[in-house]
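Structure data follow from protein.pdb (PDB, C-alpha atoms):
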```pdb
ATOM      1  CA  MET A 150     -37.771  12.257  77.757  1.00  0.00           C
ATOM      2  CA  SER A 151     -39.332   9.542  75.621  1.00  0.00           C
ATOM      3  CA  GLU A 152     -40.770  10.025  72.165  1.00  0.00           C
ATOM      4  CA  THR A 153     -44.021   8.493  71.071  1.00  0.00           C
ATOM      5  CA  PRO A 154     -43.363   6.072  68.185  1.00  0.00           C
ATOM      6  CA  PHE A 155     -44.976   6.752  64.831  1.00  0.00           C
ATOM      7  CA  CYS A 156     -47.714   4.239  64.131  1.00  0.00           C
ATOM      8  CA  MET A 157     -48.537   3.804  60.416  1.00  0.00           C
ATOM      9  CA  LEU A 158     -51.955   2.387  61.249  1.00  0.00           C
ATOM     10  CA  THR A 159     -53.142   5.431  63.185  1.00  0.00           C
ATOM     11  CA  ASP A 160     -50.857   8.381  62.436  1.00  0.00           C
ATOM     12  CA  GLY A 161     -50.219   7.938  58.730  1.00  0.00           C
ATOM     13  CA  VAL A 162     -53.699   7.093  57.554  1.00  0.00           C
ATOM     14  CA  SER A 163     -55.343  10.494  57.953  1.00  0.00           C
ATOM     15  CA  CYS A 164     -52.544  12.397  56.210  1.00  0.00           C
ATOM     16  CA  MET A 165     -52.501  10.044  53.204  1.00  0.00           C
ATOM     17  CA  ALA A 166     -56.256   9.655  52.814  1.00  0.00           C
ATOM     18  CA  GLY A 167     -56.889  13.337  52.049  1.00  0.00           C
ATOM     19  CA  CYS A 168     -55.223  13.408  48.626  1.00  0.00           C
ATOM     20  CA  PRO A 169     -57.491  10.987  46.756  1.00  0.00           C
ATOM     21  CA  THR A 170     -60.550  13.045  47.711  1.00  0.00           C
ATOM     22  CA  TRP A 171     -59.650  16.215  45.809  1.00  0.00           C
ATOM     23  CA  GLN A 172     -57.873  14.305  43.028  1.00  0.00           C
ATOM     24  CA  LEU A 173     -60.904  12.114  42.365  1.00  0.00           C
ATOM     25  CA  SER A 174     -63.229  15.134  42.475  1.00  0.00           C
ATOM     26  CA  ARG A 175     -61.186  16.989  39.864  1.00  0.00           C
ATOM     27  CA  PHE A 176     -60.890  13.943  37.621  1.00  0.00           C
ATOM     28  CA  ALA A 177     -64.529  12.809  37.880  1.00  0.00           C
ATOM     29  CA  LEU A 178     -66.229  16.231  37.861  1.00  0.00           C
ATOM     30  CA  GLY A 179     -63.993  17.760  35.205  1.00  0.00           C
ATOM     31  CA  LEU A 180     -63.497  21.265  36.650  1.00  0.00           C
ATOM     32  CA  VAL A 181     -59.820  21.898  37.417  1.00  0.00           C
ATOM     33  CA  PRO A 182     -58.975  25.156  39.239  1.00  0.00           C
ATOM     34  CA  ARG A 183     -56.499  27.516  37.555  1.00  0.00           C
ATOM     35  CA  PHE A 184     -55.309  29.643  40.465  1.00  0.00           C
ATOM     36  CA  ASP A 185     -52.403  30.875  38.333  1.00  0.00           C
ATOM     37  CA  VAL A 186     -54.921  32.697  36.101  1.00  0.00           C
ATOM     38  CA  GLY A 187     -57.364  33.923  38.748  1.00  0.00           C
ATOM     39  CA  GLU A 188     -59.379  32.965  41.798  1.00  0.00           C
ATOM     40  CA  ARG A 189     -62.533  31.831  39.991  1.00  0.00           C
ATOM     41  CA  TYR A 190     -60.983  30.292  36.858  1.00  0.00           C
ATOM     42  CA  PHE A 191     -61.328  26.623  35.881  1.00  0.00           C
ATOM     43  CA  VAL A 192     -60.446  24.372  32.930  1.00  0.00           C
ATOM     44  CA  LEU A 193     -63.087  21.944  31.692  1.00  0.00           C
ATOM     45  CA  ASP A 194     -61.397  18.525  31.485  1.00  0.00           C
ATOM     46  CA  LEU A 195     -63.986  15.725  31.475  1.00  0.00           C
ATOM     47  CA  HIS A 196     -62.911  12.074  31.690  1.00  0.00           C
ATOM     48  CA  VAL A 197     -66.065  10.087  30.948  1.00  0.00           C
ATOM     49  CA  GLY A 198     -64.581   6.981  29.342  1.00  0.00           C
ATOM     50  CA  THR A 199     -65.458   5.523  25.955  1.00  0.00           C
ATOM     51  CA  THR A 200     -67.165   2.239  26.760  1.00  0.00           C
ATOM     52  CA  ALA A 201     -70.309   1.194  28.552  1.00  0.00           C
ATOM     53  CA  PHE A 202     -68.132  -0.132  31.355  1.00  0.00           C
ATOM     54  CA  GLY A 203     -67.238   3.447  32.280  1.00  0.00           C
ATOM     55  CA  SER A 204     -69.333   5.599  34.540  1.00  0.00           C
ATOM     56  CA  GLY A 205     -72.814   6.622  33.391  1.00  0.00           C
ATOM     57  CA  GLY A 206     -72.576   9.913  35.220  1.00  0.00           C
ATOM     58  CA  CYS A 207     -71.230  11.845  38.159  1.00  0.00           C
ATOM     59  CA  ARG A 208     -72.273  14.705  40.432  1.00  0.00           C
ATOM     60  CA  GLY A 209     -70.593  16.635  43.199  1.00  0.00           C
ATOM     61  CA  THR A 210     -69.364  20.014  44.351  1.00  0.00           C
ATOM     62  CA  VAL A 211     -66.218  22.006  43.637  1.00  0.00           C
ATOM     63  CA  PRO A 212     -65.119  24.409  46.380  1.00  0.00           C
ATOM     64  CA  VAL A 213     -64.465  28.053  45.522  1.00  0.00           C
ATOM     65  CA  ARG A 214     -61.834  30.097  47.371  1.00  0.00           C
ATOM     66  CA  HIS A 215     -63.114  33.582  46.566  1.00  0.00           C
ATOM     67  CA  PRO A 216     -65.021  35.409  47.869  1.00  0.00           C
ATOM     68  CA  VAL A 217     -64.378  34.036  51.337  1.00  0.00           C
ATOM     69  CA  GLY A 218     -67.344  31.913  52.370  1.00  0.00           C
ATOM     70  CA  ALA A 219     -68.574  31.443  48.788  1.00  0.00           C
ATOM     71  CA  ALA A 220     -70.880  28.515  48.186  1.00  0.00           C
ATOM     72  CA  PRO A 221     -69.429  25.599  46.177  1.00  0.00           C
ATOM     73  CA  ILE A 222     -70.111  25.061  42.472  1.00  0.00           C
ATOM     74  CA  HIS A 223     -72.410  22.119  41.731  1.00  0.00           C
ATOM     75  CA  VAL A 224     -71.395  19.922  38.784  1.00  0.00           C
ATOM     76  CA  SER A 225     -73.204  16.937  37.292  1.00  0.00           C
ATOM     77  CA  TRP A 226     -72.873  15.059  34.047  1.00  0.00           C
ATOM     78  CA  THR A 227     -74.767  12.136  32.558  1.00  0.00           C
ATOM     79  CA  ARG A 228     -73.990   9.991  29.545  1.00  0.00           C
ATOM     80  CA  THR A 229     -76.838  10.463  27.049  1.00  0.00           C
ATOM     81  CA  THR A 230     -76.067   7.855  24.379  1.00  0.00           C
ATOM     82  CA  GLN A 231     -77.162   4.250  24.536  1.00  0.00           C
ATOM     83  CA  HIS A 232     -74.800   1.331  24.087  1.00  0.00           C
ATOM     84  CA  THR A 233     -75.247  -1.941  22.243  1.00  0.00           C
ATOM     85  CA  ALA A 234     -73.643  -5.303  22.894  1.00  0.00           C
ATOM     86  CA  GLY A 235     -70.916  -6.239  20.434  1.00  0.00           C
ATOM     87  CA  VAL A 236     -68.478  -9.065  19.879  1.00  0.00           C
ATOM     88  CA  LEU A 237     -65.800  -7.357  21.973  1.00  0.00           C
ATOM     89  CA  GLY A 238     -68.192  -6.141  24.658  1.00  0.00           C
ATOM     90  CA  ALA A 239     -70.429  -3.105  24.869  1.00  0.00           C
ATOM     91  CA  LEU A 240     -69.946  -0.441  22.204  1.00  0.00           C
ATOM     92  CA  TRP A 241     -71.514   2.981  21.969  1.00  0.00           C
ATOM     93  CA  ALA A 242     -74.082   3.412  19.209  1.00  0.00           C
ATOM     94  CA  GLY A 243     -73.230   6.568  17.301  1.00  0.00           C
ATOM     95  CA  GLU A 244     -71.249   9.371  18.904  1.00  0.00           C
ATOM     96  CA  ALA A 245     -70.897   9.365  22.647  1.00  0.00           C
ATOM     97  CA  ALA A 246     -72.566  12.387  24.211  1.00  0.00           C
ATOM     98  CA  VAL A 247     -72.600  13.816  27.711  1.00  0.00           C
ATOM     99  CA  ALA A 248     -75.056  16.291  29.224  1.00  0.00           C
ATOM    100  CA  LEU A 249     -73.065  18.570  31.551  1.00  0.00           C
ATOM    101  CA  THR A 250     -74.721  20.913  34.055  1.00  0.00           C
ATOM    102  CA  VAL A 251     -72.792  23.498  36.076  1.00  0.00           C
ATOM    103  CA  THR A 252     -74.572  25.540  38.766  1.00  0.00           C
ATOM    104  CA  VAL A 253     -72.873  28.645  40.144  1.00  0.00           C
ATOM    105  CA  PRO A 254     -74.661  29.996  43.251  1.00  0.00           C
ATOM    106  CA  ASP A 255     -76.174  33.454  42.850  1.00  0.00           C
ATOM    107  CA  GLY A 256     -74.489  36.350  44.596  1.00  0.00           C
ATOM    108  CA  ASP A 257     -70.894  35.096  44.429  1.00  0.00           C
ATOM    109  CA  GLY A 258     -70.202  36.296  40.889  1.00  0.00           C
ATOM    110  CA  PRO A 259     -69.394  34.289  37.778  1.00  0.00           C
ATOM    111  CA  ILE A 260     -66.790  31.604  37.319  1.00  0.00           C
ATOM    112  CA  HIS A 261     -64.673  31.506  34.166  1.00  0.00           C
ATOM    113  CA  VAL A 262     -64.206  28.200  32.339  1.00  0.00           C
ATOM    114  CA  GLN A 263     -61.672  27.459  29.612  1.00  0.00           C
ATOM    115  CA  GLY A 264     -62.717  24.835  27.062  1.00  0.00           C
ATOM    116  CA  TRP A 265     -66.477  25.375  27.309  1.00  0.00           C
ATOM    117  CA  PRO A 266     -68.130  23.716  24.262  1.00  0.00           C
ATOM    118  CA  GLY A 267     -69.128  26.153  21.526  1.00  0.00           C
ATOM    119  CA  ALA A 268     -67.469  29.127  23.222  1.00  0.00           C
ATOM    120  CA  LYS A 269     -66.173  31.926  21.002  1.00  0.00           C
ATOM    121  CA  VAL A 270     -63.832  33.277  23.691  1.00  0.00           C
ATOM    122  CA  PRO A 271     -61.009  31.543  25.614  1.00  0.00           C
ATOM    123  CA  TRP A 272     -62.686  31.998  29.026  1.00  0.00           C
ATOM    124  CA  THR A 273     -66.471  31.594  29.255  1.00  0.00           C
ATOM    125  CA  ALA A 274     -68.187  33.322  32.198  1.00  0.00           C
ATOM    126  CA  LEU A 275     -70.867  31.135  33.798  1.00  0.00           C
ATOM    127  CA  THR A 276     -73.555  32.200  36.263  1.00  0.00           C
ATOM    128  CA  GLY A 277     -76.661  30.404  37.471  1.00  0.00           C
ATOM    129  CA  THR A 278     -77.365  26.977  35.969  1.00  0.00           C
ATOM    130  CA  THR A 279     -75.856  26.180  32.565  1.00  0.00           C
ATOM    131  CA  THR A 280     -76.383  22.912  30.668  1.00  0.00           C
ATOM    132  CA  VAL A 281     -74.565  21.814  27.518  1.00  0.00           C
ATOM    133  CA  THR A 282     -74.326  18.589  25.508  1.00  0.00           C
ATOM    134  CA  ILE A 283     -70.770  17.585  24.694  1.00  0.00           C
ATOM    135  CA  THR A 284     -70.022  15.247  21.804  1.00  0.00           C
ATOM    136  CA  ASP A 285     -66.382  16.044  20.976  1.00  0.00           C
ATOM    137  CA  PHE A 286     -64.348  14.718  23.874  1.00  0.00           C
ATOM    138  CA  VAL A 287     -61.743  12.011  24.373  1.00  0.00           C
TER     139      VAL A 287
END
```

Could you render the structure as structure tokens?
Amino acid sequence: MSETPFCMLTDGVSCMAGCPTWQLSRFALGLVPRFDVGERYFVLDLHVGTTAFGSGGCRGTVPVRHPVGAAPIHVSWTRTTQHTAGVLGALWAGEAAVALTVTVPDGDGPIHVQGWPGAKVPWTALTGTTTVTITDFV
């Protein structure tokens, strides 16, 4: 009985290529699932950069595990401050600000987000479309 040899070019590519997809989505969109807390709990962790060379915005979807068959959450953010050219490259004029929009499909219930700007409670329940301007991030 002969074994089929493992071919890195064909067999290994599909198993390794799946990781960057969800990792990049979490990093770029800023909603990180917290399954240890609950099924519809997320931490807001935006990484927008601090220079004009960073991304000007991002949009995408975050899958939701519960209820089964729930529609994904839509996330988009856009940098709202203008930059000026400086001696060391492009610098942001004033405070950097980001407009963040999170859309939770109707009928699936709210999601709970930790770290929502201006929230008075640790976990903010979001439903429908919510937009906020964030100025205090790193």

task = Using atom CA of A:Val262 and atom CA of A:His196 as the two end points, give the distance in Å to one decimal.
result =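 Separation between atom CA of A:Val262 and atom CA of A:His196: 16.2 Å.
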
task = Go through A:Ala219, A:Val281, A:Val213, A:Val224 and flag the residue nearest A:Ser174, using all atoms listed in the file for the distances.
result =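 So, comparing all the options, the nearest one is A:Val224.
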
key: Point-to-point distance in Å for atom CA of A:Asp194 and atom CA of A:Thr210   = 15.2 Å

key: Neighbour list for A:Val211 as a list in words, cut-off 10 Å, only C-alpha atoms, skip fewer than 4 positions in-chain   =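 Counting only the stated atoms, we get Trp171, Ser174, Arg175, Leu178, Gly179, Leu180, Val181, Pro182, Ala220, Pro221, Ile222, His223 and Val224 of chain A.
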
Store the residues of this selection in a file with C-alpha atoms, as a short mmCIF file (atom, residue, chain, number, x, y, z; two decimals), keeping the file's coordinate frame.
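File produced: out_35.cif:
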```cif
data_model
loop_
_atom_site.label_atom_id
_atom_site.label_comp_id
_atom_site.auth_asym_id
_atom_site.auth_seq_id
_atom_site.Cartn_x
_atom_site.Cartn_y
_atom_site.Cartn_z
CA TRP A 171 -59.65 16.22 45.81
CA SER A 174 -63.23 15.13 42.48
CA ARG A 175 -61.19 16.99 39.86
CA LEU A 178 -66.23 16.23 37.86
CA GLY A 179 -63.99 17.76 35.20
CA LEU A 180 -63.50 21.26 36.65
CA VAL A 181 -59.82 21.90 37.42
CA PRO A 182 -58.98 25.16 39.24
CA ALA A 220 -70.88 28.52 48.19
CA PRO A 221 -69.43 25.60 46.18
CA ILE A 222 -70.11 25.06 42.47
CA HIS A 223 -72.41 22.12 41.73
CA VAL A 224 -71.40 19.92 38.78
#
```

task = Take atom CA of A:Thr278 and atom CA of A:Gln172 and report the distance between them in Å, one decimal.
result = 24.3 Å

task = Quick one: everything within 7 Å of A:Trp226, counting only C-alpha atoms, minus sequence neighbours fewer than 4 positions away in the same chain. Send it as a list of chain:residue names.
result =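 That gives A:Gly206, A:Cys207, A:Arg208, A:Val247, A:Ala248, A:Leu249, A:Thr250.
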
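Running the PyMOL selection byres ((chain A and resi 192) around 12) on this file leaves A:Arg175, A:Phe176, A:Leu178, A:Gly179, A:Leu180, A:Val181, A:Pro182, A:Arg183, A:Phe184, A:Asp185, A:Val186, A:Gly187, A:Arg189, A:Tyr190, A:Phe191, A:Leu193, A:Asp194, A:Leu195, A:Ile260, A:His261, A:Val262, A:Gln263, A:Gly264, A:Trp265, A:Pro266, A:Pro271, A:Trp272, A:Thr273, A:Ala274 selected.
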
task = Tell me which residues the PyMOL selection byres ((chain A and resi 258) around 9) grabs here, as a ChimeraX atom specification.
result = /A:189,216,253-257,259-260,275-276

Residues as selected, C-alpha atoms, written as a PDB file, keeping the file's coordinate frame, can you do that?
```pdb
ATOM      1  CA  ARG A 189     -62.533  31.831  39.991  1.00  0.00           C
ATOM      2  CA  PRO A 216     -65.021  35.409  47.869  1.00  0.00           C
ATOM      3  CA  VAL A 253     -72.873  28.645  40.144  1.00  0.00           C
ATOM      4  CA  PRO A 254     -74.661  29.996  43.251  1.00  0.00           C
ATOM      5  CA  ASP A 255     -76.174  33.454  42.850  1.00  0.00           C
ATOM      6  CA  GLY A 256     -74.489  36.350  44.596  1.00  0.00           C
ATOM      7  CA  ASP A 257     -70.894  35.096  44.429  1.00  0.00           C
ATOM      8  CA  PRO A 259     -69.394  34.289  37.778  1.00  0.00           C
ATOM      9  CA  ILE A 260     -66.790  31.604  37.319  1.00  0.00           C
ATOM     10  CA  LEU A 275     -70.867  31.135  33.798  1.00  0.00           C
ATOM     11  CA  THR A 276     -73.555  32.200  36.263  1.00  0.00           C
TER      12      THR A 276
END
```

message = Taking only C-alpha atoms into account, name the residue in A:Leu173, A:Val251, A:Ile283, A:Ala268 that is nearest to A:Thr229.
response =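 Closest to A:Thr229, using only C-alpha atoms: A:Ile283.
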
Need the axis-aligned box for stretch 258-274 of chain A with 5 Å each side, so what are the centre and edges in Å to one decimal, as AutoDock Vina command-line options?
```
--center_x -65.6 --center_y 30.0 --center_z 30.9 --size_x 19.2 --size_y 22.6 --size_z 29.9
```
